[in-house]
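**Student:** Below is the structure I would like to discuss, written out as structure tokens.
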Amino acid sequence: MLKIEAAELIVIRLPLKFRFETSFGVQTGKVVPLLVLHGQGLEGVAEGTMEPAPEYREETLAGALELLRNTFLPRILGKTFANPEALEAALGQFRGNRMARAMVEMAAWDLWARQFGQPLGRLLGGYKEQVEVGVSLGIQADEAATVDIVRRHVEQGYRRIKLKIKPGWDVQPVRAVREAFPDIRLTVDANSAYTLADTASLRELDAYALTYIEQPLAWDDLIDHAELQSRLNTALCLDESVTSAQDARKGLALRAGRVINLKVARVGGHAEARRVHDVAQSFSVPVWCGGMLESGIGRAHNIHLSSLPNFRLPGDTSSASRYWAQDIIHEPLEATDGLMPVPTGPGTGVTLNREFMATVTELHEEHRA
Ligand code: OSB
Ligand code: MG
């Protein structure tokens with residue numbers, strides 16, 4: 001049984017070790033919302049991936065905190081659920097806001113797995129002991145800087161390089177990197193910066209043996225992606241557009257893409273992520289685990305999810321030390337040779353470093369029934 005006795009809602013701020021530029025903006029730090037659920041002497045922890053501004057999808061940090069405090073937490077505090085799916089169902093009447101719902105659901109899975117003394121990935125149906133990882137590299141100043149940063153990460157053993165692109169900065173970096181590294185697994189991510197009117201420049205990318213082009217078109221679109229996919233040889237990978245297993249089914253039935261970037265928080269939690277994983281598998285479509293520059297808490301959740309069988313391409317779950325001078329968990333999450341070990345302890349297998357967190361906390365609330 002999953003007994004939810006109390007909750008902590010926490011917001012911390014961490015400086016990023018690198019400047020991360022995408023088609024929608026530049027990030028130099030991260031505001032990290034955390035939810036801790038307490039029950040039967042144990043705690044389950046989850047990280048939210050919503051940002052202060054709705055630049056990736058529509059959810060916001062302020063909206064999520066408000067919903068958690070006043071709508072979602074009151075539905076679960078003081079209650080007992082048969083399992084995490086029953087808790088998920090208790091929030092099932094609410095629409096959208098999947099990142100906010102995911103915080104509750106993911107913390108419940110961690111708590112549940114800790115009660116069984118089992119690693120989270122195992123309870124989700126995963127079996128891999130380590131997962132293949134790549135890196136997502138932000139837009140650089142010029143071609144030389146791009147080739148340079150790619151070289152550093154190839155040398156570290158990362159198994160896929162993803163370049164952020166935007167209109168006017170797409171073919172140039174891809175051509176430069178492909179010339180310097182003819183054999184690496186290379187992809188690009190546009191974060192919805194293009195329209196069908198850009199088909200000609202996107203078709204130029206067909207010449208560079210990309211494994212996929214991630215989310216070129218609108219964040220809420222499937223139809224235009226299907227049209228674009230029919231005009232390209234390179235596979236499209238859906239990210240922003242897939243927020244549920246139903247979206248995945250519709251997108252794959254429409255042939256809007258041939259790969260899915262699966263982010264557990266974007267789809268509302270681990271149970272829904274597993275449904276997306278299974279839908280993709282039924283279409284013989286591989287998924288890979290995306291990232292949102294998570295701290296060690298979200299990163300550990302992502303790594304566990306990646307241990308499921310249809311995660312068949314390297315994920316964005318690279319070493320925590322790439323991102324943070326000091327992480328908020330005690331355990332290191334480090335890849336060697338492009339392989340990230342799946343933590344073996346109970347739940348996510350990672351624990352909050354409360355002492356360090358106290359130095360970066362902006363908000364800390366306790367909630368009870
Ligand atoms: O589109 O995958 C994305 C980061 C923030 C928002 C959206 C995306 C990303 C990344 C970073 O690509 C992946 C990571 O290193 O966590
Ligand atoms: Mg993406």
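Labels used: A, B, ... for chains in the order of the structure tokens, numbers from 1 for residues in each chain, and numbers from 1 for ligands as shown.
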Could you report the residues within 6 Å of ligand 2, using only C-alpha atoms and all ligand atoms, as a ChimeraX atom specification?

**Tutor:** /A:189,191,214,239

**Student:** Per residue of chain A within 7 Å of ligand 1, note the shortest atom pair and the distance in Å to one decimal, counting only C-alpha atoms and all ligand atoms, and order the rows by chain and increasing residue number, as a tab-separated table.

**Tutor:**
residue	atom	partner	partner_atom_place_in_ligand_line	distance
A:Tyr56	CA	ligand 1	6 (C)	6.0
A:Val135	CA	ligand 1	15 (O)	6.1
A:Ser136	CA	ligand 1	15 (O)	5.1
A:Asp189	CA	ligand 1	1 (O)	6.5
A:Asn191	CA	ligand 1	1 (O)	5.5
A:Asp239	CA	ligand 1	1 (O)	6.7
A:Gly290	CA	ligand 1	2 (O)	5.6
A:Gly291	CA	ligand 1	16 (O)	3.4
A:Met292	CA	ligand 1	16 (O)	4.0
A:Leu293	CA	ligand 1	16 (O)	3.5
A:Glu294	CA	ligand 1	16 (O)	6.0
A:Asp316	CA	ligand 1	14 (C)	5.0
A:Thr317	CA	ligand 1	16 (O)	6.3
A:Ser318	CA	ligand 1	15 (O)	6.7

**Student:** Can I get the selected residues back with N, CA and C atoms, as a short mmCIF file (atom, residue, chain, number, x, y, z; two decimals), in the first residue's frame?

**Tutor:**
data_model
loop_
_atom_site.label_atom_id
_atom_site.label_comp_id
_atom_site.auth_asym_id
_atom_site.auth_seq_id
_atom_site.Cartn_x
_atom_site.Cartn_y
_atom_site.Cartn_z
N TYR A 56 9.11 25.87 -23.79
CA TYR A 56 9.25 24.52 -24.35
C TYR A 56 7.86 23.94 -24.62
N VAL A 135 24.90 13.27 -25.89
CA VAL A 135 24.80 14.63 -25.35
C VAL A 135 24.02 15.53 -26.29
N SER A 136 23.37 16.52 -25.69
CA SER A 136 22.65 17.56 -26.41
C SER A 136 23.46 18.84 -26.27
N ASP A 189 18.17 19.01 -33.22
CA ASP A 189 16.92 19.30 -32.52
C ASP A 189 16.57 20.77 -32.73
N ASN A 191 13.51 22.21 -31.73
CA ASN A 191 12.54 22.74 -30.77
C ASN A 191 11.48 23.62 -31.43
N ASP A 239 9.22 15.13 -30.12
CA ASP A 239 9.48 15.45 -28.72
C ASP A 239 8.26 16.20 -28.17
N GLY A 290 14.70 11.46 -23.30
CA GLY A 290 15.10 12.86 -23.37
C GLY A 290 15.46 13.40 -22.00
N GLY A 291 15.98 14.61 -21.99
CA GLY A 291 16.32 15.26 -20.73
C GLY A 291 15.90 16.71 -20.78
N MET A 292 15.83 17.35 -19.63
CA MET A 292 15.50 18.77 -19.50
C MET A 292 16.50 19.40 -18.53
N LEU A 293 17.77 19.07 -18.71
CA LEU A 293 18.83 19.61 -17.85
C LEU A 293 18.52 19.33 -16.38
N GLU A 294 18.15 18.09 -16.07
CA GLU A 294 17.72 17.77 -14.71
C GLU A 294 18.89 17.70 -13.72
N ASP A 316 19.48 11.40 -23.55
CA ASP A 316 20.11 12.66 -23.12
C ASP A 316 20.44 12.63 -21.63
N THR A 317 20.74 11.46 -21.11
CA THR A 317 20.99 11.30 -19.67
C THR A 317 22.49 11.23 -19.42
N SER A 318 23.19 12.29 -19.82
CA SER A 318 24.65 12.30 -19.67
C SER A 318 25.06 12.59 -18.22
#

**Student:** What parts of region 61-308 of chain A does DSSP call strand (DSSP E)? I'd like the answer as a PyMOL selection string.

**Tutor:** chain A and resi 80-81+130-132+135-137+161-164+186-189+213-214+236-238+259-262+287-289

**Student:** How far is it from CA of Ala248 (chain A) to CA of Glu132 (chain A), in Å with one decimal?

**Tutor:** 22.9 Å

**Student:** Name the residues in contact with Val177 (chain A) at a cut-off of 8 Å, using only C-alpha atoms, excluding same-chain residues fewer than 3 positions from it; report them as a ChimeraX atom specification.

**Tutor:** /A:143,146-147,150,173-174,180-181

**Student:** Need to verify the contact set: Gly96 (chain A), 12 Å, only C-alpha atoms, exclusion of same-chain residues closer than 4 positions in sequence. Can you return it as an MDAnalysis selection string?

**Tutor:** chainID A and resid 57:59 63:64 67 91:92 100:102 243:244 265:268

**Student:** Would you mind exporting N, CA and C atoms of the selected residues as a PDB file, in the first residue's frame?

**Tutor:**
ATOM      1  N   ARG A  57       7.080  23.775 -23.530  1.00  0.00           N
ATOM      2  CA  ARG A  57       5.643  23.535 -23.674  1.00  0.00           C
ATOM      3  C   ARG A  57       4.927  24.610 -22.879  1.00  0.00           C
ATOM      4  N   GLU A  58       3.618  24.402 -22.625  1.00  0.00           N
ATOM      5  CA  GLU A  58       2.833  25.500 -22.070  1.00  0.00           C
ATOM      6  C   GLU A  58       2.873  25.602 -20.548  1.00  0.00           C
ATOM      7  N   GLU A  59       3.364  24.569 -19.853  1.00  0.00           N
ATOM      8  CA  GLU A  59       3.315  24.612 -18.398  1.00  0.00           C
ATOM      9  C   GLU A  59       4.335  25.590 -17.836  1.00  0.00           C
ATOM     10  N   GLY A  63       2.412  28.108 -12.248  1.00  0.00           N
ATOM     11  CA  GLY A  63       1.155  27.380 -12.405  1.00  0.00           C
ATOM     12  C   GLY A  63       1.218  26.023 -11.725  1.00  0.00           C
ATOM     13  N   ALA A  64       2.357  25.364 -11.862  1.00  0.00           N
ATOM     14  CA  ALA A  64       2.507  24.035 -11.271  1.00  0.00           C
ATOM     15  C   ALA A  64       2.476  24.104  -9.745  1.00  0.00           C
ATOM     16  N   LEU A  67      -1.079  24.624  -8.625  1.00  0.00           N
ATOM     17  CA  LEU A  67      -1.883  23.414  -8.792  1.00  0.00           C
ATOM     18  C   LEU A  67      -1.536  22.349  -7.761  1.00  0.00           C
ATOM     19  N   LEU A  91      -5.678  11.447  -9.978  1.00  0.00           N
ATOM     20  CA  LEU A  91      -5.470  12.751 -10.629  1.00  0.00           C
ATOM     21  C   LEU A  91      -5.956  12.724 -12.078  1.00  0.00           C
ATOM     22  N   GLY A  92      -6.568  11.592 -12.448  1.00  0.00           N
ATOM     23  CA  GLY A  92      -6.901  11.360 -13.859  1.00  0.00           C
ATOM     24  C   GLY A  92      -7.989  12.263 -14.413  1.00  0.00           C
ATOM     25  N   ALA A 100       3.196  18.769 -14.031  1.00  0.00           N
ATOM     26  CA  ALA A 100       2.829  18.935 -12.619  1.00  0.00           C
ATOM     27  C   ALA A 100       2.306  17.607 -12.056  1.00  0.00           C
ATOM     28  N   ARG A 101       1.461  16.928 -12.832  1.00  0.00           N
ATOM     29  CA  ARG A 101       0.965  15.620 -12.367  1.00  0.00           C
ATOM     30  C   ARG A 101       2.111  14.624 -12.231  1.00  0.00           C
ATOM     31  N   ALA A 102       3.071  14.722 -13.169  1.00  0.00           N
ATOM     32  CA  ALA A 102       4.202  13.787 -13.142  1.00  0.00           C
ATOM     33  C   ALA A 102       4.998  13.904 -11.847  1.00  0.00           C
ATOM     34  N   THR A 243       2.486  14.101 -25.750  1.00  0.00           N
ATOM     35  CA  THR A 243       2.296  14.266 -24.306  1.00  0.00           C
ATOM     36  C   THR A 243       1.562  13.082 -23.691  1.00  0.00           C
ATOM     37  N   SER A 244       1.301  12.045 -24.469  1.00  0.00           N
ATOM     38  CA  SER A 244       0.536  10.900 -23.955  1.00  0.00           C
ATOM     39  C   SER A 244       0.689   9.716 -24.901  1.00  0.00           C
ATOM     40  N   ALA A 265       8.438  13.298 -17.636  1.00  0.00           N
ATOM     41  CA  ALA A 265       7.657  14.400 -17.071  1.00  0.00           C
ATOM     42  C   ALA A 265       6.694  14.981 -18.099  1.00  0.00           C
ATOM     43  N   ARG A 266       7.107  15.029 -19.372  1.00  0.00           N
ATOM     44  CA  ARG A 266       6.246  15.606 -20.418  1.00  0.00           C
ATOM     45  C   ARG A 266       4.952  14.812 -20.597  1.00  0.00           C
ATOM     46  N   VAL A 267       5.015  13.503 -20.363  1.00  0.00           N
ATOM     47  CA  VAL A 267       3.830  12.660 -20.594  1.00  0.00           C
ATOM     48  C   VAL A 267       3.049  12.363 -19.311  1.00  0.00           C
ATOM     49  N   GLY A 268       3.468  12.914 -18.181  1.00  0.00           N
ATOM     50  CA  GLY A 268       2.653  12.775 -16.968  1.00  0.00           C
ATOM     51  C   GLY A 268       3.106  11.722 -15.983  1.00  0.00           C
TER      52      GLY A 268
END

**Student:** Skip Ile139 (chain A) itself and residues of its chain fewer than 3 positions away, then list as a CSV table (one decimal) with N, CA and C atoms, in the first residue's frame all residues within 12 Å of it, counting only C-alpha atoms.

**Tutor:**
chain,number,residue,atom,x,y,z
A,18,PHE,N,27.5,25.3,-18.2
A,18,PHE,CA,27.6,25.8,-19.6
A,18,PHE,C,26.4,26.7,-20.0
A,19,ARG,N,26.6,27.5,-21.0
A,19,ARG,CA,25.5,28.3,-21.6
A,19,ARG,C,24.8,27.4,-22.6
A,20,PHE,N,23.5,27.3,-22.4
A,20,PHE,CA,22.7,26.4,-23.2
A,20,PHE,C,21.8,27.2,-24.1
A,21,GLU,N,22.2,27.3,-25.4
A,21,GLU,CA,21.3,28.1,-26.3
A,21,GLU,C,20.5,27.1,-27.2
A,22,THR,N,19.2,27.4,-27.3
A,22,THR,CA,18.3,26.6,-28.2
A,22,THR,C,17.6,27.6,-29.1
A,23,SER,N,16.8,27.1,-30.0
A,23,SER,CA,16.0,27.9,-30.9
A,23,SER,C,15.1,28.9,-30.1
A,24,PHE,N,14.8,28.5,-28.8
A,24,PHE,CA,13.8,29.4,-28.1
A,24,PHE,C,14.5,30.2,-27.0
A,25,GLY,N,15.8,30.1,-26.8
A,25,GLY,CA,16.4,31.0,-25.8
A,25,GLY,C,17.7,30.5,-25.3
A,26,VAL,N,18.2,31.2,-24.3
A,26,VAL,CA,19.5,30.9,-23.7
A,26,VAL,C,19.3,30.6,-22.2
A,27,GLN,N,19.9,29.5,-21.7
A,27,GLN,CA,19.8,29.2,-20.3
A,27,GLN,C,21.2,29.1,-19.7
A,136,SER,N,23.4,16.5,-25.7
A,136,SER,CA,22.6,17.6,-26.4
A,136,SER,C,23.5,18.8,-26.3
A,142,ASP,N,30.1,29.7,-33.6
A,142,ASP,CA,30.4,29.4,-35.0
A,142,ASP,C,30.8,28.0,-35.3
A,143,GLU,N,31.1,27.7,-36.5
A,143,GLU,CA,31.4,26.3,-36.9
A,143,GLU,C,32.6,25.7,-36.1
A,144,ALA,N,33.6,26.5,-36.0
A,144,ALA,CA,34.8,26.0,-35.3
A,144,ALA,C,34.5,25.6,-33.8
A,145,ALA,N,33.8,26.5,-33.2
A,145,ALA,CA,33.4,26.2,-31.8
A,145,ALA,C,32.5,25.0,-31.7
A,146,THR,N,31.7,24.8,-32.7
A,146,THR,CA,30.8,23.6,-32.7
A,146,THR,C,31.6,22.3,-32.9
A,147,VAL,N,32.6,22.3,-33.8
A,147,VAL,CA,33.4,21.1,-34.1
A,147,VAL,C,34.2,20.8,-32.8
A,149,ILE,N,33.5,21.6,-29.6
A,149,ILE,CA,32.7,21.0,-28.4
A,149,ILE,C,32.3,19.6,-28.8
A,150,VAL,N,32.0,19.3,-30.1
A,150,VAL,CA,31.7,18.0,-30.4
A,150,VAL,C,32.9,17.0,-30.2
A,162,LYS,N,23.9,15.4,-30.4
A,162,LYS,CA,22.7,16.1,-30.9
A,162,LYS,C,23.1,17.6,-30.9
A,163,LEU,N,22.9,18.2,-32.0
A,163,LEU,CA,23.1,19.7,-32.1
A,163,LEU,C,21.8,20.4,-32.2
A,164,LYS,N,21.7,21.5,-31.4
A,164,LYS,CA,20.6,22.3,-31.4
A,164,LYS,C,20.7,23.2,-32.7
A,165,ILE,N,19.6,23.3,-33.4
A,165,ILE,CA,19.6,24.1,-34.6
A,165,ILE,C,18.4,25.1,-34.6
A,166,LYS,N,18.5,26.1,-35.5
A,166,LYS,CA,17.4,27.0,-35.7
A,166,LYS,C,17.5,27.6,-37.1
A,167,PRO,N,16.5,28.2,-37.7
A,167,PRO,CA,16.6,28.7,-39.1
A,167,PRO,C,17.8,29.6,-39.2
A,168,GLY,N,18.6,29.4,-40.2
A,168,GLY,CA,19.8,30.1,-40.4
A,168,GLY,C,21.0,29.5,-39.7
A,169,TRP,N,20.8,28.5,-38.9
A,169,TRP,CA,21.9,27.8,-38.2
A,169,TRP,C,21.6,26.3,-38.2
A,170,ASP,N,21.6,25.7,-39.4
A,170,ASP,CA,21.3,24.3,-39.4
A,170,ASP,C,22.3,23.6,-40.3
A,172,GLN,N,25.0,24.6,-41.9
A,172,GLN,CA,26.4,25.0,-41.6
A,172,GLN,C,27.0,24.1,-40.5
A,173,PRO,N,26.4,24.1,-39.3
A,173,PRO,CA,27.1,23.3,-38.2
A,173,PRO,C,27.0,21.8,-38.5
A,174,VAL,N,26.0,21.4,-39.2
A,174,VAL,CA,25.9,19.9,-39.5
A,174,VAL,C,26.9,19.5,-40.5
A,188,VAL,N,19.9,16.3,-34.9
A,188,VAL,CA,19.7,17.7,-34.6
A,188,VAL,C,18.3,17.9,-33.9
A,189,ASP,N,18.2,19.0,-33.2
A,189,ASP,CA,16.9,19.3,-32.5
A,189,ASP,C,16.6,20.8,-32.7
A,190,ALA,N,15.4,21.0,-33.3
A,190,ALA,CA,15.0,22.4,-33.7
A,190,ALA,C,14.0,23.0,-32.7

**Student:** Any chance you could tabulate, as a Markdown table, the residues of region 75-179 of chain A at most 8 Å from region 36-45 of chain A with each one's nearest atom pair and distance in Å to one decimal, using only C-alpha atoms, in chain and rising number order?

**Tutor:**
| residue | atom | partner | partner_atom | distance |
| --- | --- | --- | --- | --- |
| A:Met106 | CA | A:Val45 | CA | 7.4 |
| A:Ala107 | CA | A:Val45 | CA | 4.5 |
| A:Ala108 | CA | A:Gly44 | CA | 6.0 |
| A:Trp109 | CA | A:Gly44 | CA | 7.3 |
| A:Asp110 | CA | A:Gly44 | CA | 4.7 |
| A:Leu111 | CA | A:Gly44 | CA | 4.0 |
| A:Trp112 | CA | A:Gly44 | CA | 7.7 |
| A:Arg114 | CA | A:Leu42 | CA | 7.3 |
| A:Gln115 | CA | A:Leu42 | CA | 7.5 |

**Student:** Would you save the residues of that selection, restricted to N, CA, C and O atoms, as a PDB file, in the first residue's frame?

**Tutor:**
ATOM      1  N   MET A 106       5.687  10.509 -10.050  1.00  0.00           N
ATOM      2  CA  MET A 106       7.070  10.003 -10.001  1.00  0.00           C
ATOM      3  C   MET A 106       7.561   9.875  -8.561  1.00  0.00           C
ATOM      4  O   MET A 106       8.268   8.920  -8.214  1.00  0.00           O
ATOM      5  N   ALA A 107       7.182  10.832  -7.701  1.00  0.00           N
ATOM      6  CA  ALA A 107       7.559  10.725  -6.284  1.00  0.00           C
ATOM      7  C   ALA A 107       6.903   9.477  -5.682  1.00  0.00           C
ATOM      8  O   ALA A 107       7.510   8.776  -4.865  1.00  0.00           O
ATOM      9  N   ALA A 108       5.656   9.198  -6.101  1.00  0.00           N
ATOM     10  CA  ALA A 108       4.956   8.008  -5.592  1.00  0.00           C
ATOM     11  C   ALA A 108       5.667   6.726  -6.041  1.00  0.00           C
ATOM     12  O   ALA A 108       5.788   5.778  -5.260  1.00  0.00           O
ATOM     13  N   TRP A 109       6.129   6.687  -7.281  1.00  0.00           N
ATOM     14  CA  TRP A 109       6.866   5.494  -7.747  1.00  0.00           C
ATOM     15  C   TRP A 109       8.148   5.283  -6.940  1.00  0.00           C
ATOM     16  O   TRP A 109       8.506   4.146  -6.593  1.00  0.00           O
ATOM     17  N   ASP A 110       8.843   6.381  -6.643  1.00  0.00           N
ATOM     18  CA  ASP A 110      10.084   6.259  -5.867  1.00  0.00           C
ATOM     19  C   ASP A 110       9.766   5.709  -4.476  1.00  0.00           C
ATOM     20  O   ASP A 110      10.422   4.770  -3.994  1.00  0.00           O
ATOM     21  N   LEU A 111       8.721   6.265  -3.868  1.00  0.00           N
ATOM     22  CA  LEU A 111       8.312   5.805  -2.527  1.00  0.00           C
ATOM     23  C   LEU A 111       7.910   4.324  -2.556  1.00  0.00           C
ATOM     24  O   LEU A 111       8.312   3.527  -1.698  1.00  0.00           O
ATOM     25  N   TRP A 112       7.146   3.959  -3.556  1.00  0.00           N
ATOM     26  CA  TRP A 112       6.666   2.573  -3.746  1.00  0.00           C
ATOM     27  C   TRP A 112       7.843   1.610  -3.890  1.00  0.00           C
ATOM     28  O   TRP A 112       7.925   0.577  -3.227  1.00  0.00           O
ATOM     29  N   ARG A 114      10.890   2.076  -2.961  1.00  0.00           N
ATOM     30  CA  ARG A 114      11.672   2.010  -1.713  1.00  0.00           C
ATOM     31  C   ARG A 114      11.003   1.076  -0.699  1.00  0.00           C
ATOM     32  O   ARG A 114      11.676   0.381   0.058  1.00  0.00           O
ATOM     33  N   GLN A 115       9.676   1.067  -0.693  1.00  0.00           N
ATOM     34  CA  GLN A 115       8.979   0.161   0.228  1.00  0.00           C
ATOM     35  C   GLN A 115       9.294  -1.299  -0.080  1.00  0.00           C
ATOM     36  O   GLN A 115       9.338  -2.138   0.798  1.00  0.00           O
TER      37      GLN A 115
END

**Student:** Between A:Leu305, A:Asn233, A:Leu228, A:Ala280, single out the one closest to Leu123 (chain A), counting only C-alpha atoms.

**Tutor:**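 With only C-alpha atoms as the atom set, the closest residue is A:Leu305.
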
**Student:** Which residue out of A:Arg275, A:Arg312, A:His304, A:Arg69 has the minimum interatomic distance to Glu8 (chain A) when only C-alpha atoms are used?

**Tutor:**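 Nearest candidate to Glu8 (chain A) out of A:Arg275, A:Arg312, A:His304, A:Arg69: A:Arg69.
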